[in-house]
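Next comes start26.cif, a file with mmCIF, C-alpha atoms; chains and numbers go by the auth columns.
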```cif
data_data
loop_
_atom_site.group_PDB
_atom_site.id
_atom_site.type_symbol
_atom_site.label_atom_id
_atom_site.label_comp_id
_atom_site.label_asym_id
_atom_site.label_seq_id
_atom_site.Cartn_x
_atom_site.Cartn_y
_atom_site.Cartn_z
_atom_site.B_iso_or_equiv
_atom_site.auth_seq_id
_atom_site.auth_asym_id
ATOM 1 C CA MET A 1 21.029 -61.141 14.403 0.00 1 A
ATOM 2 C CA GLY A 2 20.544 -59.786 10.897 0.00 2 A
ATOM 3 C CA SER A 3 17.449 -61.913 10.373 0.00 3 A
ATOM 4 C CA TYR A 4 16.010 -60.678 13.664 0.00 4 A
ATOM 5 C CA LEU A 5 16.515 -57.047 12.654 0.00 5 A
ATOM 6 C CA ILE A 6 14.622 -57.630 9.413 0.00 6 A
ATOM 7 C CA LEU A 7 11.958 -59.872 10.974 0.00 7 A
ATOM 8 C CA ARG A 8 10.997 -57.229 13.498 0.00 8 A
ATOM 9 C CA THR A 9 9.914 -54.832 10.725 0.00 9 A
ATOM 10 C CA ASN A 10 7.062 -57.176 9.717 0.00 10 A
ATOM 11 C CA TRP A 11 7.324 -60.486 11.495 0.00 11 A
ATOM 12 C CA LYS A 12 4.354 -62.103 9.749 0.00 12 A
ATOM 13 C CA SER A 13 5.465 -61.488 6.171 0.00 13 A
ATOM 14 C CA TYR A 14 9.185 -61.851 6.733 0.00 14 A
ATOM 15 C CA GLY A 15 8.601 -64.788 9.098 0.00 15 A
ATOM 16 C CA LEU A 16 6.630 -66.635 6.429 0.00 16 A
ATOM 17 C CA LEU A 17 9.318 -65.853 3.865 0.00 17 A
ATOM 18 C CA TYR A 18 12.027 -67.023 6.291 0.00 18 A
ATOM 19 C CA PHE A 19 10.144 -70.278 6.828 0.00 19 A
ATOM 20 C CA ILE A 20 9.645 -70.857 3.082 0.00 20 A
ATOM 21 C CA ALA A 21 13.298 -70.035 2.294 0.00 21 A
ATOM 22 C CA SER A 22 14.490 -72.382 5.058 0.00 22 A
ATOM 23 C CA LEU A 23 12.192 -75.189 4.006 0.00 23 A
ATOM 24 C CA LEU A 24 12.871 -74.849 0.285 0.00 24 A
ATOM 25 C CA GLY A 25 16.624 -74.377 0.804 0.00 25 A
ATOM 26 C CA ASN A 26 16.870 -77.503 2.953 0.00 26 A
ATOM 27 C CA ILE A 27 14.736 -79.565 0.563 0.00 27 A
ATOM 28 C CA VAL A 28 16.784 -78.536 -2.480 0.00 28 A
ATOM 29 C CA CYS A 29 20.056 -79.159 -0.638 0.00 29 A
ATOM 30 C CA TYR A 30 18.835 -82.564 0.561 0.00 30 A
ATOM 31 C CA LEU A 31 17.789 -83.512 -2.975 0.00 31 A
ATOM 32 C CA PHE A 32 21.159 -82.444 -4.383 0.00 32 A
ATOM 33 C CA VAL A 33 22.952 -84.532 -1.753 0.00 33 A
ATOM 34 C CA HIS A 34 20.553 -87.449 -2.285 0.00 34 A
ATOM 35 C CA PHE A 35 21.203 -87.389 -6.045 0.00 35 A
ATOM 36 C CA GLY A 36 24.930 -87.344 -5.348 0.00 36 A
ATOM 37 C CA PHE A 37 25.745 -83.909 -6.784 0.00 37 A
ATOM 38 C CA TYR A 38 27.672 -82.869 -3.689 0.00 38 A
ATOM 39 C CA SER A 39 28.211 -83.969 -0.108 0.00 39 A
ATOM 40 C CA PHE A 40 29.107 -82.601 3.303 0.00 40 A
ATOM 41 C CA PRO A 41 31.598 -84.939 5.008 0.00 41 A
ATOM 42 C CA TYR A 42 31.766 -82.943 8.265 0.00 42 A
ATOM 43 C CA ILE A 43 28.498 -81.468 9.459 0.00 43 A
ATOM 44 C CA PHE A 44 27.005 -80.631 12.824 0.00 44 A
ATOM 45 C CA LEU A 45 23.956 -82.907 12.534 0.00 45 A
ATOM 46 C CA PRO A 46 25.098 -85.915 10.466 0.00 46 A
ATOM 47 C CA ILE A 47 21.658 -87.553 10.550 0.00 47 A
ATOM 48 C CA ALA A 48 20.334 -85.074 7.978 0.00 48 A
ATOM 49 C CA LYS A 49 23.419 -85.297 5.722 0.00 49 A
ATOM 50 C CA ILE A 50 23.085 -81.567 5.002 0.00 50 A
ATOM 51 C CA PRO A 51 24.094 -78.462 6.992 0.00 51 A
ATOM 52 C CA LEU A 52 20.605 -77.733 8.359 0.00 52 A
ATOM 53 C CA VAL A 53 21.707 -74.939 10.660 0.00 53 A
ATOM 54 C CA ALA A 54 23.726 -73.120 8.003 0.00 54 A
ATOM 55 C CA ILE A 55 20.989 -73.324 5.382 0.00 55 A
ATOM 56 C CA THR A 56 18.261 -72.373 7.817 0.00 56 A
ATOM 57 C CA THR A 57 20.144 -69.343 9.114 0.00 57 A
ATOM 58 C CA ALA A 58 22.511 -68.085 6.403 0.00 58 A
ATOM 59 C CA PHE A 59 20.463 -68.700 3.255 0.00 59 A
ATOM 60 C CA SER A 60 17.282 -67.461 4.891 0.00 60 A
ATOM 61 C CA PHE A 61 19.086 -64.328 6.045 0.00 61 A
ATOM 62 C CA TYR A 62 20.374 -63.737 2.509 0.00 62 A
ATOM 63 C CA VAL A 63 16.797 -64.062 1.241 0.00 63 A
ATOM 64 C CA LEU A 64 15.438 -61.624 3.831 0.00 64 A
ATOM 65 C CA LEU A 65 18.262 -59.202 3.099 0.00 65 A
ATOM 66 C CA GLY A 66 17.570 -59.451 -0.614 0.00 66 A
ATOM 67 C CA ILE A 67 13.834 -58.879 -0.283 0.00 67 A
ATOM 68 C CA ARG A 68 14.209 -56.050 2.213 0.00 68 A
ATOM 69 C CA PHE A 69 16.697 -54.003 0.166 0.00 69 A
ATOM 70 C CA SER A 70 16.137 -55.204 -3.411 0.00 70 A
ATOM 71 C CA PRO A 71 15.640 -52.273 -5.831 0.00 71 A
ATOM 72 C CA LYS A 72 12.296 -51.875 -7.585 0.00 72 A
ATOM 73 C CA SER A 73 13.313 -52.374 -11.218 0.00 73 A
ATOM 74 C CA TRP A 74 14.748 -55.627 -12.562 0.00 74 A
ATOM 75 C CA PRO A 75 17.997 -54.368 -14.107 0.00 75 A
ATOM 76 C CA TYR A 76 19.024 -53.060 -10.696 0.00 76 A
ATOM 77 C CA LYS A 77 17.756 -56.202 -8.948 0.00 77 A
ATOM 78 C CA ILE A 78 20.107 -58.277 -11.140 0.00 78 A
ATOM 79 C CA ALA A 79 23.105 -56.135 -10.124 0.00 79 A
ATOM 80 C CA PHE A 80 22.010 -56.232 -6.470 0.00 80 A
ATOM 81 C CA TYR A 81 21.590 -60.019 -6.403 0.00 81 A
ATOM 82 C CA GLY A 82 24.817 -60.366 -8.367 0.00 82 A
ATOM 83 C CA VAL A 83 26.625 -58.924 -5.350 0.00 83 A
ATOM 84 C CA ILE A 84 24.896 -61.285 -2.910 0.00 84 A
ATOM 85 C CA ILE A 85 25.424 -64.352 -5.112 0.00 85 A
ATOM 86 C CA ASN A 86 29.046 -63.579 -5.984 0.00 86 A
ATOM 87 C CA ILE A 87 29.889 -63.100 -2.308 0.00 87 A
ATOM 88 C CA GLY A 88 28.082 -66.362 -1.468 0.00 88 A
ATOM 89 C CA MET A 89 29.816 -68.271 -4.265 0.00 89 A
ATOM 90 C CA THR A 90 33.194 -66.852 -3.249 0.00 90 A
ATOM 91 C CA LEU A 91 32.620 -68.091 0.300 0.00 91 A
ATOM 92 C CA GLU A 92 31.460 -71.485 -0.995 0.00 92 A
ATOM 93 C CA THR A 93 34.536 -71.747 -3.222 0.00 93 A
ATOM 94 C CA ILE A 94 36.862 -70.858 -0.371 0.00 94 A
ATOM 95 C CA LEU A 95 35.192 -73.447 1.876 0.00 95 A
ATOM 96 C CA LYS A 96 35.325 -76.076 -0.857 0.00 96 A
ATOM 97 C CA ASN A 97 38.994 -75.480 -1.628 0.00 97 A
ATOM 98 C CA THR A 98 40.435 -74.852 1.823 0.00 98 A
ATOM 99 C CA THR A 99 38.354 -77.198 3.963 0.00 99 A
ATOM 100 C CA ARG A 100 36.661 -80.537 3.538 0.00 100 A
ATOM 101 C CA LEU A 101 33.239 -79.207 4.497 0.00 101 A
ATOM 102 C CA ILE A 102 31.776 -79.516 0.985 0.00 102 A
ATOM 103 C CA GLU A 103 32.712 -81.853 -1.823 0.00 103 A
ATOM 104 C CA TYR A 104 31.415 -81.685 -5.380 0.00 104 A
ATOM 105 C CA ASN A 105 30.551 -85.083 -6.816 0.00 105 A
ATOM 106 C CA PHE A 106 28.861 -86.538 -9.910 0.00 106 A
ATOM 107 C CA GLU A 107 29.283 -83.912 -12.627 0.00 107 A
ATOM 108 C CA TRP A 108 28.718 -81.010 -10.196 0.00 108 A
ATOM 109 C CA ASP A 109 30.935 -77.957 -10.506 0.00 109 A
ATOM 110 C CA PHE A 110 31.051 -74.254 -9.705 0.00 110 A
ATOM 111 C CA TRP A 111 28.839 -73.323 -12.639 0.00 111 A
ATOM 112 C CA ASP A 112 26.078 -75.676 -11.443 0.00 112 A
ATOM 113 C CA SER A 113 26.296 -74.196 -7.973 0.00 113 A
ATOM 114 C CA TYR A 114 26.304 -70.633 -9.327 0.00 114 A
ATOM 115 C CA THR A 115 23.255 -71.360 -11.501 0.00 115 A
ATOM 116 C CA SER A 116 21.452 -72.927 -8.531 0.00 116 A
ATOM 117 C CA TRP A 117 22.108 -69.833 -6.432 0.00 117 A
ATOM 118 C CA TRP A 118 20.614 -67.630 -9.157 0.00 118 A
ATOM 119 C CA ALA A 119 17.548 -69.841 -9.594 0.00 119 A
ATOM 120 C CA PHE A 120 16.960 -69.934 -5.835 0.00 120 A
ATOM 121 C CA PHE A 121 17.256 -66.171 -5.374 0.00 121 A
ATOM 122 C CA ILE A 122 15.134 -65.277 -8.409 0.00 122 A
ATOM 123 C CA LEU A 123 12.425 -67.621 -7.102 0.00 123 A
ATOM 124 C CA MET A 124 12.700 -66.102 -3.627 0.00 124 A
ATOM 125 C CA GLU A 125 12.527 -62.576 -5.097 0.00 125 A
ATOM 126 C CA TRP A 126 9.342 -63.509 -6.903 0.00 126 A
ATOM 127 C CA LEU A 127 7.828 -65.134 -3.777 0.00 127 A
ATOM 128 C CA GLY A 128 8.998 -62.269 -1.585 0.00 128 A
ATOM 129 C CA GLY A 129 7.303 -59.802 -3.910 0.00 129 A
ATOM 130 C CA LYS A 130 4.037 -61.676 -3.352 0.00 130 A
ATOM 131 C CA ILE A 131 4.436 -62.108 0.414 0.00 131 A
ATOM 132 C CA VAL A 132 6.123 -58.939 1.705 0.00 132 A
ATOM 133 C CA PRO A 133 4.194 -55.704 1.115 0.00 133 A
ATOM 134 C CA ASP A 134 6.002 -52.721 -0.405 0.00 134 A
ATOM 135 C CA SER A 135 5.514 -50.809 2.841 0.00 135 A
ATOM 136 C CA SER A 136 7.763 -53.341 4.629 0.00 136 A
ATOM 137 C CA ARG A 137 10.548 -53.135 2.057 0.00 137 A
ATOM 138 C CA LYS A 138 13.314 -50.593 1.891 0.00 138 A
ATOM 139 C CA PRO A 139 14.610 -50.813 -1.694 0.00 139 A
ATOM 140 C CA LEU A 140 17.956 -49.319 -2.582 0.00 140 A
ATOM 141 C CA ALA A 141 17.521 -46.175 -4.618 0.00 141 A
ATOM 142 C CA GLU A 142 18.342 -46.660 -8.280 0.00 142 A
ATOM 143 C CA ASN A 143 20.531 -43.592 -8.007 0.00 143 A
ATOM 144 C CA SER A 144 22.827 -45.614 -5.710 0.00 144 A
ATOM 145 C CA PHE A 145 23.837 -47.738 -8.716 0.00 145 A
ATOM 146 C CA ARG A 146 24.945 -44.797 -10.857 0.00 146 A
ATOM 147 C CA PHE A 147 28.590 -43.892 -11.401 0.00 147 A
ATOM 148 C CA GLY A 148 30.142 -42.222 -8.372 0.00 148 A
ATOM 149 C CA ASN A 149 27.572 -43.448 -5.875 0.00 149 A
ATOM 150 C CA TRP A 150 28.236 -45.993 -3.170 0.00 150 A
ATOM 151 C CA PHE A 151 26.555 -49.106 -4.569 0.00 151 A
ATOM 152 C CA PHE A 152 28.180 -48.574 -7.961 0.00 152 A
ATOM 153 C CA PHE A 153 31.493 -49.157 -6.193 0.00 153 A
ATOM 154 C CA VAL A 154 30.129 -52.164 -4.275 0.00 154 A
ATOM 155 C CA VAL A 155 28.916 -53.819 -7.503 0.00 155 A
ATOM 156 C CA HIS A 156 32.138 -53.179 -9.369 0.00 156 A
ATOM 157 C CA PHE A 157 34.441 -54.073 -6.484 0.00 157 A
ATOM 158 C CA THR A 158 32.579 -57.367 -5.996 0.00 158 A
ATOM 159 C CA ALA A 159 32.676 -58.142 -9.726 0.00 159 A
ATOM 160 C CA ILE A 160 36.383 -57.324 -10.074 0.00 160 A
ATOM 161 C CA VAL A 161 37.434 -59.273 -6.980 0.00 161 A
ATOM 162 C CA THR A 162 35.277 -62.244 -8.021 0.00 162 A
ATOM 163 C CA LEU A 163 36.787 -62.269 -11.516 0.00 163 A
ATOM 164 C CA LEU A 164 40.328 -61.977 -10.168 0.00 164 A
ATOM 165 C CA LEU A 165 39.755 -64.791 -7.688 0.00 165 A
ATOM 166 C CA ALA A 166 38.171 -66.948 -10.406 0.00 166 A
ATOM 167 C CA GLY A 167 41.173 -66.327 -12.650 0.00 167 A
ATOM 168 C CA TYR A 168 43.555 -67.143 -9.827 0.00 168 A
ATOM 169 C CA TYR A 169 41.649 -70.344 -9.058 0.00 169 A
ATOM 170 C CA LEU A 170 41.644 -71.435 -12.698 0.00 170 A
ATOM 171 C CA GLY A 171 45.363 -70.686 -12.880 0.00 171 A
ATOM 172 C CA THR A 172 46.045 -72.935 -9.898 0.00 172 A
ATOM 173 C CA LEU A 173 44.199 -75.795 -11.638 0.00 173 A
ATOM 174 C CA GLN A 174 46.505 -75.712 -14.656 0.00 174 A
ATOM 175 C CA LYS A 175 49.140 -78.397 -14.694 0.00 175 A
ATOM 176 C CA ILE A 176 52.569 -77.272 -15.819 0.00 176 A
ATOM 177 C CA ASP A 177 54.414 -80.006 -17.722 0.00 177 A
#
```
Full structure transcribed into structure tokens:
Amino acid sequence: MGSYLILRTNWKSYGLLYFIASLLGNIVCYLFVHFGFYSFPYIFLPIAKIPLVAITTAFSFYVLLGIRFSPKSWPYKIAFYGVIINIGMTLETILKNTTRLIEYNFEWDFWDSYTSWWAFFILMEWLGGKIVPDSSRKPLAENSFRFGNWFFFVVHFTAIVTLLLAGYYLGTLQKID
């Protein structure tokens, strides 16, 4: 639904970006699974060995959301994408630790996943800047990031909750002798 709402603003540009994000996301995920970095034991379409539907819909929506509302200057883009990536990594961590939907293998860990998310979204931001015209974007005002404004609280709430959850997770990994 969210992708549809963004696609209808400029279906050609956002549609092309959606297609590229889906294709690239699925290729990267397939390569990571093929190289044995992680696996998906329980997926909807086991022939592909990757969650095609989830990557095609969720990751592509995140990309469209990022491009549509990403601020104009890079320092604010980093904070903006930090929120998207930290929420995504928190969801991935919860799924990894509470279900058997994703398993990290061969030297793969949270930091590798976190770095991959950043690389993917920075690449998509760059591509989106080339594909989607400024007239079809609705960047968050830089004033929204300043103390006392709404996105300042979103950034800090996300950062604090992520850090607390990371600390809790690391604490649960410690073995008490």
Hey, what's within 8 Å of Ile67 in chain A if we count all atoms listed in the file and toss same-chain stuff fewer than 6 positions away? As number ranges by chain, please? A: 125, 128-129, 132, 137
Skip range 99-104 of chain A itself and residues of its chain fewer than 2 positions away, then list as a PDB file with C-alpha atoms, keeping the file's coordinate frame all residues within 7 Å of it, counting all atoms listed in the file.
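File produced: around-v5.pdb:
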```pdb
ATOM      1  CA  PHE A  37      25.745 -83.909  -6.784  1.00  0.00           C
ATOM      2  CA  TYR A  38      27.672 -82.869  -3.689  1.00  0.00           C
ATOM      3  CA  SER A  39      28.211 -83.969  -0.108  1.00  0.00           C
ATOM      4  CA  PHE A  40      29.107 -82.601   3.303  1.00  0.00           C
ATOM      5  CA  PRO A  41      31.598 -84.939   5.008  1.00  0.00           C
ATOM      6  CA  TYR A  42      31.766 -82.943   8.265  1.00  0.00           C
ATOM      7  CA  LEU A  95      35.192 -73.447   1.876  1.00  0.00           C
ATOM      8  CA  LYS A  96      35.325 -76.076  -0.857  1.00  0.00           C
ATOM      9  CA  ASN A  97      38.994 -75.480  -1.628  1.00  0.00           C
ATOM     10  CA  TRP A 108      28.718 -81.010 -10.196  1.00  0.00           C
ATOM     11  CA  ASP A 109      30.935 -77.957 -10.506  1.00  0.00           C
TER      12      ASP A 109
END
```
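With distances restricted to all atoms listed in the file, A:Asn26 is the closest residue to Ala48 in chain A from A:Thr172, A:Asn26, A:Ser60, A:Ser113.
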Would you mind telling me which residue in A:Tyr62, A:Trp118, A:Phe151, A:Trp126 lies nearest to Gly2 in chain A when using all atoms listed in the file?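 With all atoms listed in the file as the atom set, the closest residue is A:Tyr62.
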Near-Lys130 in chain A list (12 Å; all atoms listed in the file; drop same-chain fewer than 4 positions) as number ranges by chain: A: 13-14, 16-17, 67, 123-126, 134
Can you measure CA of Thr162 in chain A to CA of Ile43 in chain A for me? One decimal in Å is fine.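 Calculated distance between CA of Thr162 in chain A and CA of Ile43 in chain A is 26.9 Å.
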Output as a compact mmCIF listing (two decimals), in the frame of the given file: range 112-145 of chain A, completed with N, CA and C atoms.
```txt
# COMPACT_ATOMS: atom_id res chain seq x y z
N ASP A 112 27.35 -75.12 -11.90
CA ASP A 112 26.08 -75.68 -11.44
C ASP A 112 25.65 -75.02 -10.13
N SER A 113 26.60 -74.83 -9.25
CA SER A 113 26.30 -74.20 -7.97
C SER A 113 25.87 -72.74 -8.18
N TYR A 114 26.61 -72.04 -9.03
CA TYR A 114 26.30 -70.63 -9.33
C TYR A 114 24.91 -70.50 -9.94
N THR A 115 24.57 -71.37 -10.88
CA THR A 115 23.26 -71.36 -11.50
C THR A 115 22.17 -71.66 -10.48
N SER A 116 22.43 -72.59 -9.57
CA SER A 116 21.45 -72.93 -8.53
C SER A 116 21.21 -71.74 -7.60
N TRP A 117 22.27 -71.03 -7.26
CA TRP A 117 22.11 -69.83 -6.43
C TRP A 117 21.19 -68.83 -7.13
N TRP A 118 21.44 -68.59 -8.42
CA TRP A 118 20.61 -67.63 -9.16
C TRP A 118 19.16 -68.08 -9.20
N ALA A 119 18.92 -69.33 -9.52
CA ALA A 119 17.55 -69.84 -9.59
C ALA A 119 16.85 -69.69 -8.24
N PHE A 120 17.54 -70.03 -7.17
CA PHE A 120 16.96 -69.93 -5.84
C PHE A 120 16.60 -68.48 -5.49
N PHE A 121 17.51 -67.56 -5.75
CA PHE A 121 17.26 -66.17 -5.37
C PHE A 121 16.23 -65.49 -6.27
N ILE A 122 16.18 -65.84 -7.54
CA ILE A 122 15.13 -65.28 -8.41
C ILE A 122 13.76 -65.79 -7.96
N LEU A 123 13.68 -67.08 -7.63
CA LEU A 123 12.42 -67.62 -7.10
C LEU A 123 12.03 -66.93 -5.80
N MET A 124 12.99 -66.75 -4.90
CA MET A 124 12.70 -66.10 -3.63
C MET A 124 12.30 -64.63 -3.83
N GLU A 125 12.91 -63.96 -4.79
CA GLU A 125 12.53 -62.58 -5.10
C GLU A 125 11.08 -62.53 -5.56
N TRP A 126 10.71 -63.46 -6.41
CA TRP A 126 9.34 -63.51 -6.90
C TRP A 126 8.36 -63.79 -5.75
N LEU A 127 8.68 -64.81 -4.93
CA LEU A 127 7.83 -65.13 -3.78
C LEU A 127 7.78 -63.98 -2.78
N GLY A 128 8.95 -63.39 -2.52
CA GLY A 128 9.00 -62.27 -1.58
C GLY A 128 8.17 -61.09 -2.06
N GLY A 129 8.13 -60.87 -3.36
CA GLY A 129 7.30 -59.80 -3.91
C GLY A 129 5.82 -60.05 -3.69
N LYS A 130 5.44 -61.32 -3.61
CA LYS A 130 4.04 -61.68 -3.35
C LYS A 130 3.70 -61.65 -1.86
N ILE A 131 4.69 -61.96 -1.02
CA ILE A 131 4.44 -62.11 0.41
C ILE A 131 4.65 -60.81 1.19
N VAL A 132 5.76 -60.13 0.92
CA VAL A 132 6.12 -58.94 1.70
C VAL A 132 5.56 -57.69 1.02
N PRO A 133 4.74 -56.92 1.73
CA PRO A 133 4.19 -55.70 1.12
C PRO A 133 5.28 -54.64 0.89
N ASP A 134 5.04 -53.78 -0.09
CA ASP A 134 6.00 -52.72 -0.40
C ASP A 134 6.29 -51.84 0.80
N SER A 135 5.32 -51.67 1.66
CA SER A 135 5.51 -50.81 2.84
C SER A 135 6.54 -51.39 3.81
N SER A 136 6.79 -52.69 3.73
CA SER A 136 7.76 -53.34 4.63
C SER A 136 9.12 -53.51 3.98
N ARG A 137 9.27 -53.03 2.77
CA ARG A 137 10.55 -53.14 2.06
C ARG A 137 11.23 -51.78 2.09
N LYS A 138 12.53 -51.82 1.90
CA LYS A 138 13.31 -50.59 1.89
C LYS A 138 14.29 -50.68 0.71
N PRO A 139 13.77 -50.58 -0.52
CA PRO A 139 14.61 -50.81 -1.69
C PRO A 139 15.72 -49.78 -1.83
N LEU A 140 16.86 -50.24 -2.30
CA LEU A 140 17.96 -49.32 -2.58
C LEU A 140 17.52 -48.39 -3.70
N ALA A 141 17.86 -47.14 -3.58
CA ALA A 141 17.52 -46.18 -4.62
C ALA A 141 18.32 -46.50 -5.88
N GLU A 142 17.66 -46.39 -7.01
CA GLU A 142 18.34 -46.66 -8.28
C GLU A 142 19.51 -45.71 -8.50
N ASN A 143 19.44 -44.56 -7.91
CA ASN A 143 20.53 -43.59 -8.01
C ASN A 143 21.81 -44.13 -7.36
N SER A 144 21.67 -45.03 -6.39
CA SER A 144 22.83 -45.61 -5.71
C SER A 144 23.70 -46.43 -6.66
N PHE A 145 23.12 -46.89 -7.76
CA PHE A 145 23.84 -47.74 -8.72
C PHE A 145 24.57 -46.92 -9.77
```
